[in-house]
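*Asks:* A single structure is presented below for examination.
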Amino acid sequence: MTELALADGFRFEDLYNRDGLLRLDALFLESLDEPLRADMEAARKAPGALEPKAEAALVLALAPKLESFLARLFGIEAEADALSGRHTALAPVYRCKRLFVQRRAARAVKPEEAAALDGAAVEAALGAHMPVPVEEEAFSEAVLGWLGDEANGGEALEAAARYAAWALHHPEGRARHGRGVLFRQPGRIDPFRLIDTEVRTEHGTPALELPEARLRRREGFALTDDGMDLKAALDQAHYCIFCHNQGKDSCARGLRDRKTGAFANTVFGVELAGCPLEEKISEMQLLKAEGFALGALATVCIDNPLCAATGHRICNDCMKSCIYQKQDPVDIPQVETRALKDVLELPWGFEIYSLMTRWNPLNFARPLPLPETGRQVLVVGLGPAGFSLAHHLMNDGHRVVAVDGLKIEPLAPALSGVDEAGARHPFRPVRDMAELREDLAERVMAGFGGVAEYGITVRWDKNFLKIVRLLLERRAAFTMVGGVRFGGTLGLDEAFEWGFDHVAVAAGAGRPTHVPMPNALAPGVRMASDFLMALQLTGAARTDSIANLQIRLPVVVVGGGLTAIDTATESLAYYPVQVEKFLTRYEVLDGGVAWTEEEAEVAGEFLAHARAIRAERARAAAAGEAPRIRELLRAWGGVTIAYRRRLIDAPSYTLNHEEVAKALEEGIRFAECLSPLAVEVDG
Ligand code: SF4
C-alpha cells in the first residue's frame, strides 16, 4: 500500500478543506449508535455545560469508535490492530507487577532478607516450575496462571516470590532486571536529594558530580535521548491510577491545598498548577493502557493539538503535580510522546496526526475549523507561542501571516504545499514518517520554531519541529515569511495599514542575564544564550561547516537555569568536534598557516587535544570498546557550572531536575555557592 486510498470516496485534499472535514464529521456521527451520537451532539451544543467526569466518560466512549473510524478511513485496520495487540500483549506484565510483585512478593520477603538471597539457588528453585533465565512476559503469564489456581500453584508462587524479591532488592537481581519494568518499583522522593550526587574536589574546588557508574558517553550532536519504548511507557500508563474517575486528576488541573483550595506549592515554592493546557492526561493514559493508540493521541489533541512540540524533555508541569507526591510521579511526558510516536510510526501516521489537529470529534468545543471569518492576523515570532497561536487562530476561522526574524529554509513544495516564492502547490501525503526524519547531527537548521530550534539542544528530537511546521504550512490560511524583523522590516502601523486586523507579538519576553563584573566582555567570555544560538545558527558542530565558533577548556558556565545546563552539555559535546575538525583542516592545508603568537598557542592546544582524541579512538577501536573521550575532556578541565547558591536552590533543579541529572550524566560538574567576581585576563 504505497498510494493513499481513503475510504468512502474521500480524496486527500478533502482532509485539508472545511467542506471535506464537514463530510467526514457527518460520516463519523452517522457511524455512532444511540445514545452515543445524541450525547455527542448535546456535548457540542453546550460544551461548557459538561461536568469533567461526564466529559471524560464521553471522550472515553468515543475514542475507540474514532480509532476504528480512522483506521478504516486510512485503510490501516490490520496495522492499527497489530499496534493495539502490542499494547495488550504486554498487559500481563503490568498486572503481574501490581498483583504479585508489588502486593505480594515485596511484602512477603523483607528487603534485608531479599538482599541476602543466593541468586543461583533462587533461580534454580523457580526453574523447577518455568523456563529460566526469566523473561518478564513469561514470568508474568506463569505467575498469573498460578494465582488463578493457588491450590496447585502454591509452591511455584513461593519460588516466584523469592525470585521477585531477589530481583527487586539484591544488587545482582537489580543488575539483571533493572532495565526491565516488572521488577522496578517507584522510588521514594526526597525533594532535597532528587539527584544522587557526590562531592569531588578538583584544583581546590569542590563540585557535585554523579558517581562514575551513572555517567553516560555522548558523542557529537546526534539525538541523545530516544525516550521510552512502548513497554516502558505502558508501565507508566499502568502506574497511573486514572484520577479523572474521582475528578482529582491533579496532573491536568493542578494539585490543590486541602485547606485553602489554592494550588499547592512544592517545598521550593513552585506552584503545582498542573498542565497549562489542562490536557486530558488521565483519560489518555487509560486509553493507552487499554491499547487504543489512536484514541489516546486524539485525546491528547483535544487540548494539546501541537503535542509534537511538548512532552518528553520539553515540559513536566503535569508530572510535578501528579497525585504521587512522595514517590516517583507517573512519567506523563514519556507516555504522551510515546502516544504520538506510536501513531506516527503507522502507515500514513503523520497524515492521521495531522488530521486530528483539524478534525477531532473528541473536541466538543471545536471539532473542526470554523468558517472563514475574513479576518487576518499577523503573528510575530514562530516559536512555540507563535506557532501554537497560529494553529488556534486558523481553527477559529482566521487567516494568519506569521513572520520570524530568522531566515526560514524552504521545504520541498511537494511536502509543504508552498514554494520559495510563497506560491501554493498540491502536496502529497506522507506514508512513512522516516521520509521526514533527519539525523540531528547532520540536520540543517530550518529556522522555524524560534527558541525550540536554537535554544533546545539535541536532548529533544527536532524532527518534531518539522512536523509542527507542516501542520501549519500546508494550510491555505497560513503564510509564513522568514527574515522579517518586527519593528525594523515591518512596523506596527504598517501592519495595520496593510490590512491586518490584529497583531500578536510572540517574540519572546526574556532578557539574558548580564553578570556585572570586570572584563565581562573579554575574549573567551560569552553569553550562554549567544553560544547556544551561534552553535545552532552557524551549524558549527557539523563536520562540513566552516563556521568559527571557538571555545577552550576548561569551560565555566555561570548560572543555575536551564540555559546554563544546556550550555554546559553542548560546550562539552562541541569541544572534541571542534578540535577534531581543526586537526583535519590543518592536515589538509598542510600546516602552511602563519599564526600570531596567541593563535599559535591556541592552535597548538587544539592540535594536541585532537591528536589525543584520535589516538584514543584508534586504541578503543582496536580494543573493541567505546573511546574514553569524556576522561580526556575532564583531564583538560571539562565543564563546570558555577552557581551562586546551592544546587537545590537552582531554578533548573526546582523546575526540572531531570535536565540537571541528564547533564551530570554527561560528565558536567556543578559547583555550588560560587559567584564570579571578575574575569582575569592574561598579561
Ligand atoms: S498522572 Fe498522576 S495525577 Fe494524573 S491521573 Fe495519573 S496518577 Fe493521577
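FYI, nothing fancy with the C-alpha cells labels: chains A, B, ... in order, residues from 1 per chain, ligands from 1 as they appear.
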DSSP says strand (DSSP E) for which residues of segment 141-312 of chain A? Put them as a ChimeraX atom specification?

*Replies:* /A:198-202,205-209

*Asks:* I want to know what sits within 12 Å of Ser571 of chain A, based on only C-alpha atoms, with residues of the same chain fewer than 4 positions away left out; could you give that as a PyMOL selection string?

*Replies:* chain A and resi 220-221+457+526+528-529+531-532+534-536+540-541+549-557+563-567+575-578+633+638-641+663+666-668

*Asks:* Please identify all protein, DNA and RNA residues within 8 Å of ligand 1, counting only C-alpha atoms and all ligand atoms, and report them as a list in words.

*Replies:*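 Here is the list of contacting residues: Ala237, Tyr239, Cys240, Ile241, Phe242, Cys243, His244, Lys248, Asp249, Ser250, Cys251, Ala252, Ile281, Ser282, Glu283, Gln285, Cys318, Met319, Ser321, Cys322, Ile323, Tyr324, Pro329, Val330, Asp331 and Ile332 of chain A.
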
*Asks:* Excluding Val343 of chain A and any residue of its chain fewer than 5 positions from it, enumerate the residues within 8 Å of it, using only C-alpha atoms, and give them as a PyMOL selection string.

*Replies:* chain A and resi 293-294+297+349-350+352-353

*Asks:* May I have the selected residues written with N, CA, C and O atoms, as a compact mmCIF listing (two decimals), in the first residue's frame?

*Replies:*
```
# COMPACT_ATOMS: atom_id res chain seq x y z
N ALA A 293 -4.34 3.18 20.76
CA ALA A 293 -3.24 4.11 20.47
C ALA A 293 -3.74 5.37 19.77
O ALA A 293 -3.34 6.49 20.11
N LEU A 294 -4.61 5.20 18.78
CA LEU A 294 -5.13 6.37 18.05
C LEU A 294 -6.07 7.17 18.94
O LEU A 294 -6.06 8.41 18.93
N LEU A 297 -4.04 9.31 21.33
CA LEU A 297 -3.47 10.52 20.73
C LEU A 297 -4.56 11.55 20.46
O LEU A 297 -4.37 12.75 20.69
N GLY A 349 0.85 7.67 9.29
CA GLY A 349 0.74 8.15 10.67
C GLY A 349 0.79 9.66 10.77
O GLY A 349 0.05 10.28 11.53
N PHE A 350 1.67 10.27 9.96
CA PHE A 350 1.75 11.73 10.01
C PHE A 350 0.42 12.34 9.57
O PHE A 350 -0.07 13.30 10.16
N ILE A 352 -2.51 11.05 9.75
CA ILE A 352 -3.56 10.80 10.76
C ILE A 352 -3.43 11.82 11.88
O ILE A 352 -4.41 12.45 12.30
N TYR A 353 -2.19 12.01 12.35
CA TYR A 353 -1.99 13.02 13.40
C TYR A 353 -2.37 14.40 12.88
O TYR A 353 -3.07 15.17 13.56
```

*Asks:* Could you check which of A:Ala78, A:Ile302, A:Ala308, A:Leu99 is closest to Pro361 of chain A, using only C-alpha atoms?

*Replies:*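 Ranked by minimum distance to Pro361 of chain A, first place goes to A:Ile302.
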
*Asks:* Record the distance separating atom CA of Glu150 of chain A and atom CA of Arg103 of chain A, expressed in Å with one decimal.

*Replies:*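 Calculated distance between atom CA of Glu150 of chain A and atom CA of Arg103 of chain A is 15.7 Å.
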
*Asks:* I need the residues in segment 573-656 of chain A that are alpha helix (DSSP H) according to DSSP; give them as a count of residues only.

*Replies:* 56

*Asks:* Excluding Glu473 of chain A and residues on its chain fewer than 6 positions from it, collect all residues at most 8 Å away from it, counting only C-alpha atoms, and give them as a PyMOL selection string.

*Replies:* chain A and resi 416-418+479-480

*Asks:* For atom CA of His657 of chain A and atom CA of Glu212 of chain A, determine how far apart the two atoms are, in Å to one decimal place.

*Replies:*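 Pair atom CA of His657 of chain A / atom CA of Glu212 of chain A returns 19.2 Å.
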
*Asks:* Of the residues A:Thr299, A:Ser675, A:Gln102, A:Thr489, which is the one nearest to Glu55 of chain A, using only C-alpha atoms?

*Replies:*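 For Glu55 of chain A, the nearest of the candidates is A:Thr299.
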
*Asks:* Calculated over only C-alpha atoms, which of the candidates A:Val602, A:Val430, A:Val458, A:Ala671 has the smallest distance to Val558 of chain A?

*Replies:*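 Looking at the shortest contact to Val558 of chain A, the residue is A:Ala671.
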
*Asks:* Using only C-alpha atoms, which of A:Ala142, A:Asp432, A:Arg338, A:Ala402 sits nearest Asp226 of chain A?

*Replies:*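 Smallest distance to Asp226 of chain A is found for A:Arg338.
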
*Asks:* Can you pull out the residues contacting Ala504 of chain A? Cut-off 8 Å, using only C-alpha atoms, and skip same-chain residues under 5 positions away; I want them as a list in words.

*Replies:*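 So the residues in contact are Val377, Leu378, Val379 and Val380 of chain A.
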
*Asks:* What's the separation between atom CA of His87 of chain A and atom CA of Gly291 of chain A, in Å to one decimal place?

*Replies:*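 Atom CA of Gly291 of chain A lies at a distance of 4.9 Å from atom CA of His87 of chain A.
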
*Asks:* So which one's closest to Gly450 of chain A, A:Arg475, A:Lys97, A:Arg431, A:Lys407? Using only C-alpha atoms, please.

*Replies:* A:Lys407

*Asks:* Show me, as CSV, the residues of segment 297-360 of chain A having an atom within 12 Å of segment 17-21 of chain A, each with the closest atom pair and its distance in Å, using only C-alpha atoms.

*Replies:*
```
residue,atom,partner,partner_atom,distance
A:Leu355,CA,A:Leu21,CA,9.1
A:Met356,CA,A:Leu21,CA,10.8
A:Thr357,CA,A:Leu21,CA,11.5
A:Arg358,CA,A:Leu21,CA,8.1
A:Trp359,CA,A:Leu21,CA,6.6
A:Asn360,CA,A:Leu21,CA,9.8
```

*Asks:* With all heavy atoms kept, could you save the residues just selected as a PDB file, in the first residue's frame?

*Replies:*
```
ATOM      1  N   LEU A 355      -4.488  15.195  10.617  1.00  0.00           N
ATOM      2  CA  LEU A 355      -5.952  15.318  10.557  1.00  0.00           C
ATOM      3  C   LEU A 355      -6.530  15.614  11.939  1.00  0.00           C
ATOM      4  O   LEU A 355      -7.446  16.436  12.077  1.00  0.00           O
ATOM      5  CB  LEU A 355      -6.546  14.018   9.988  1.00  0.00           C
ATOM      6  CG  LEU A 355      -8.074  13.927   9.966  1.00  0.00           C
ATOM      7  CD1 LEU A 355      -8.682  15.025   9.090  1.00  0.00           C
ATOM      8  CD2 LEU A 355      -8.527  12.550   9.473  1.00  0.00           C
ATOM      9  N   MET A 356      -5.979  14.971  12.967  1.00  0.00           N
ATOM     10  CA  MET A 356      -6.501  15.186  14.330  1.00  0.00           C
ATOM     11  C   MET A 356      -6.367  16.639  14.784  1.00  0.00           C
ATOM     12  O   MET A 356      -7.044  17.069  15.696  1.00  0.00           O
ATOM     13  CB  MET A 356      -5.734  14.309  15.335  1.00  0.00           C
ATOM     14  CG  MET A 356      -6.075  12.845  15.289  1.00  0.00           C
ATOM     15  SD  MET A 356      -5.006  11.971  16.458  1.00  0.00           S
ATOM     16  CE  MET A 356      -5.420  10.267  16.093  1.00  0.00           C
ATOM     17  N   THR A 357      -5.451  17.381  14.162  1.00  0.00           N
ATOM     18  CA  THR A 357      -5.293  18.783  14.560  1.00  0.00           C
ATOM     19  C   THR A 357      -6.323  19.682  13.876  1.00  0.00           C
ATOM     20  O   THR A 357      -6.482  20.837  14.252  1.00  0.00           O
ATOM     21  CB  THR A 357      -3.872  19.312  14.241  1.00  0.00           C
ATOM     22  OG1 THR A 357      -3.706  19.383  12.822  1.00  0.00           O
ATOM     23  CG2 THR A 357      -2.800  18.447  14.854  1.00  0.00           C
ATOM     24  N   ARG A 358      -6.985  19.150  12.836  1.00  0.00           N
ATOM     25  CA  ARG A 358      -8.017  19.955  12.151  1.00  0.00           C
ATOM     26  C   ARG A 358      -9.412  19.414  12.420  1.00  0.00           C
ATOM     27  O   ARG A 358     -10.378  20.154  12.473  1.00  0.00           O
ATOM     28  CB  ARG A 358      -7.752  19.967  10.637  1.00  0.00           C
ATOM     29  CG  ARG A 358      -6.459  20.610  10.239  1.00  0.00           C
ATOM     30  CD  ARG A 358      -6.288  20.648   8.729  1.00  0.00           C
ATOM     31  NE  ARG A 358      -6.301  19.329   8.130  1.00  0.00           N
ATOM     32  CZ  ARG A 358      -5.270  18.500   8.099  1.00  0.00           C
ATOM     33  NH1 ARG A 358      -4.121  18.867   8.624  1.00  0.00           N
ATOM     34  NH2 ARG A 358      -5.371  17.301   7.547  1.00  0.00           N
ATOM     35  N   TRP A 359      -9.487  18.106  12.544  1.00  0.00           N
ATOM     36  CA  TRP A 359     -10.796  17.494  12.828  1.00  0.00           C
ATOM     37  C   TRP A 359     -10.613  16.514  13.979  1.00  0.00           C
ATOM     38  O   TRP A 359      -9.855  15.551  13.871  1.00  0.00           O
ATOM     39  CB  TRP A 359     -11.326  16.746  11.598  1.00  0.00           C
ATOM     40  CG  TRP A 359     -12.562  15.961  11.916  1.00  0.00           C
ATOM     41  CD1 TRP A 359     -13.791  16.464  12.212  1.00  0.00           C
ATOM     42  CD2 TRP A 359     -12.680  14.534  12.001  1.00  0.00           C
ATOM     43  NE1 TRP A 359     -14.673  15.438  12.480  1.00  0.00           N
ATOM     44  CE2 TRP A 359     -14.016  14.246  12.350  1.00  0.00           C
ATOM     45  CE3 TRP A 359     -11.794  13.479  11.817  1.00  0.00           C
ATOM     46  CZ2 TRP A 359     -14.485  12.943  12.523  1.00  0.00           C
ATOM     47  CZ3 TRP A 359     -12.262  12.181  11.987  1.00  0.00           C
ATOM     48  CH2 TRP A 359     -13.599  11.922  12.331  1.00  0.00           C
ATOM     49  N   ASN A 360     -11.280  16.805  15.062  1.00  0.00           N
ATOM     50  CA  ASN A 360     -11.168  15.918  16.216  1.00  0.00           C
ATOM     51  C   ASN A 360     -12.518  15.873  16.919  1.00  0.00           C
ATOM     52  O   ASN A 360     -12.862  16.772  17.695  1.00  0.00           O
ATOM     53  CB  ASN A 360     -10.072  16.420  17.168  1.00  0.00           C
ATOM     54  CG  ASN A 360      -9.822  15.433  18.300  1.00  0.00           C
ATOM     55  OD1 ASN A 360     -10.572  14.463  18.462  1.00  0.00           O
ATOM     56  ND2 ASN A 360      -8.789  15.675  19.078  1.00  0.00           N
TER      57      ASN A 360
END
```
